[in-house]
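Structure first, then comments.
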Amino acid sequence: MTGTDNIASAKADAMPLPAKWLGATGAIPFVATAIVAAFGPENWSAWAAHALAYYGAVILSFLGGIHWGLAISNDRTTKISAVRLCWSVVPSLIAWGALLLPLFYGLVVLTAAFGLALFVDTRAGTRAVVPSWFPDLRTALSIAVIASLPLGLIGAA
């Protein structure tokens, strides 16, 4: 492998700038609503905690959709694709169930579900079925989400 090949490989493995920016801006509603739920005026706390749960459910569903897209982009029918398709609907079902629970418990379920989704996504990274930069992005964003959701419990209490 030449020096040029190393540079090309490093560029291919680099996280795309739009993914960084969109991921970071997608974390803003988590952090902002969690802060308002925990430390904002009392009459805003419950609203912010609900907004946090709703946004969390939407984003959790989005994470499942990533796996749906990966599964259907594969032109062969394999066990891995079937498993990926099955997993792809699980986050949406968990998110929907979490919204049906009392707010406090729904936020707890969402927190656990984001941890589970992170586990699945990092495992996909070790199997090289997602871009090499994807687990790093998911880990960074999941830290923000998994820290924000419990903070929202203060507003849900």
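The chains in the structure tokens are called A, B, ... from first to last as shown; in each chain the residues are counted from 1, and the ligands are counted from 1 in the order shown.
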- Could you name the residues that touch Gly152 of chain A at 8 Å or less, counting only C-alpha atoms, but leaving out those on the same chain fewer than 3 positions away, as a PyMOL selection string? chain A and resi 33-35+37-38+48-49+52+107+148-149+155-156
Export N, CA, C and O atoms of the chosen residues as a compact mmCIF listing (two decimals), in the first residue's frame?
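Now in selection-v8.txt:
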```
# COMPACT_ATOMS: atom_id res chain seq x y z
N THR A 33 -34.26 20.48 25.78
CA THR A 33 -35.48 20.14 26.53
C THR A 33 -35.15 19.50 27.88
O THR A 33 -35.88 19.72 28.84
N ALA A 34 -34.05 18.77 27.95
CA ALA A 34 -33.65 18.19 29.24
C ALA A 34 -33.28 19.29 30.24
O ALA A 34 -33.67 19.22 31.41
N ILE A 35 -32.58 20.29 29.78
CA ILE A 35 -32.19 21.41 30.66
C ILE A 35 -33.43 22.16 31.14
O ILE A 35 -33.56 22.48 32.32
N ALA A 37 -36.48 20.96 31.29
CA ALA A 37 -37.24 20.06 32.18
C ALA A 37 -36.65 20.04 33.58
O ALA A 37 -37.38 20.04 34.57
N ALA A 38 -35.34 20.04 33.66
CA ALA A 38 -34.68 19.93 34.97
C ALA A 38 -34.53 21.26 35.70
O ALA A 38 -34.68 21.31 36.92
N ALA A 48 -41.53 20.48 28.74
CA ALA A 48 -40.21 20.13 28.20
C ALA A 48 -39.95 18.63 28.33
O ALA A 48 -39.38 18.02 27.43
N ALA A 49 -40.38 18.03 29.44
CA ALA A 49 -40.18 16.59 29.61
C ALA A 49 -40.99 15.81 28.57
O ALA A 49 -40.50 14.82 28.01
N LEU A 52 -39.25 16.19 25.24
CA LEU A 52 -38.08 15.32 25.24
C LEU A 52 -38.48 13.89 24.89
O LEU A 52 -37.84 13.23 24.06
N LEU A 107 -39.70 7.77 29.80
CA LEU A 107 -38.33 8.27 29.67
C LEU A 107 -37.31 7.21 30.08
O LEU A 107 -36.24 7.10 29.47
N SER A 148 -29.26 13.06 28.59
CA SER A 148 -30.38 14.00 28.57
C SER A 148 -31.70 13.38 29.06
O SER A 148 -32.45 14.02 29.80
N LEU A 149 -31.98 12.18 28.62
CA LEU A 149 -33.27 11.56 28.98
C LEU A 149 -33.46 11.44 30.50
O LEU A 149 -34.51 11.84 31.00
N GLY A 155 -38.22 16.81 35.36
CA GLY A 155 -39.44 17.49 34.94
C GLY A 155 -40.65 16.58 34.91
O GLY A 155 -41.79 17.04 34.95
N ALA A 156 -40.40 15.29 34.83
CA ALA A 156 -41.50 14.32 34.77
C ALA A 156 -41.97 13.91 36.15
O ALA A 156 -43.05 13.33 36.30
```
- Query: Using only C-alpha atoms, which of A:Val145, A:Leu151, A:Leu137, A:Ile94 sits nearest Ala14 of chain A?
  - Reply: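 Of all the options, A:Leu137 lies closest to Ala14 of chain A.
Of the listed residues A:Leu70, A:Val36, A:Leu141, A:Leu85, the one whose atoms come nearest to Leu153 of chain A is A:Val36, with distances taken using only C-alpha atoms.
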For segment 55-58 of chain A, list every protein, DNA or RNA residue within 7 Å, evaluated using only C-alpha atoms, and leave out those in the same chain fewer than 6 positions away; present the list as a tab-separated table (two decimals) with C-alpha atoms, in the first residue's frame.
```tsv
chain	number	residue	atom	x	y	z
A	95	ALA	CA	-40.73	4.17	21.16
A	96	TRP	CA	-44.46	3.84	20.64
A	110	LEU	CA	-36.38	5.39	26.05
```
- Task: Would you work out the distance separating atom CA of Leu118 of chain A from atom CA of Tyr54 of chain A, expressed in Å to one decimal?
- Result: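 Interatomic distance, atom CA of Leu118 of chain A to atom CA of Tyr54 of chain A: 19.1 Å.
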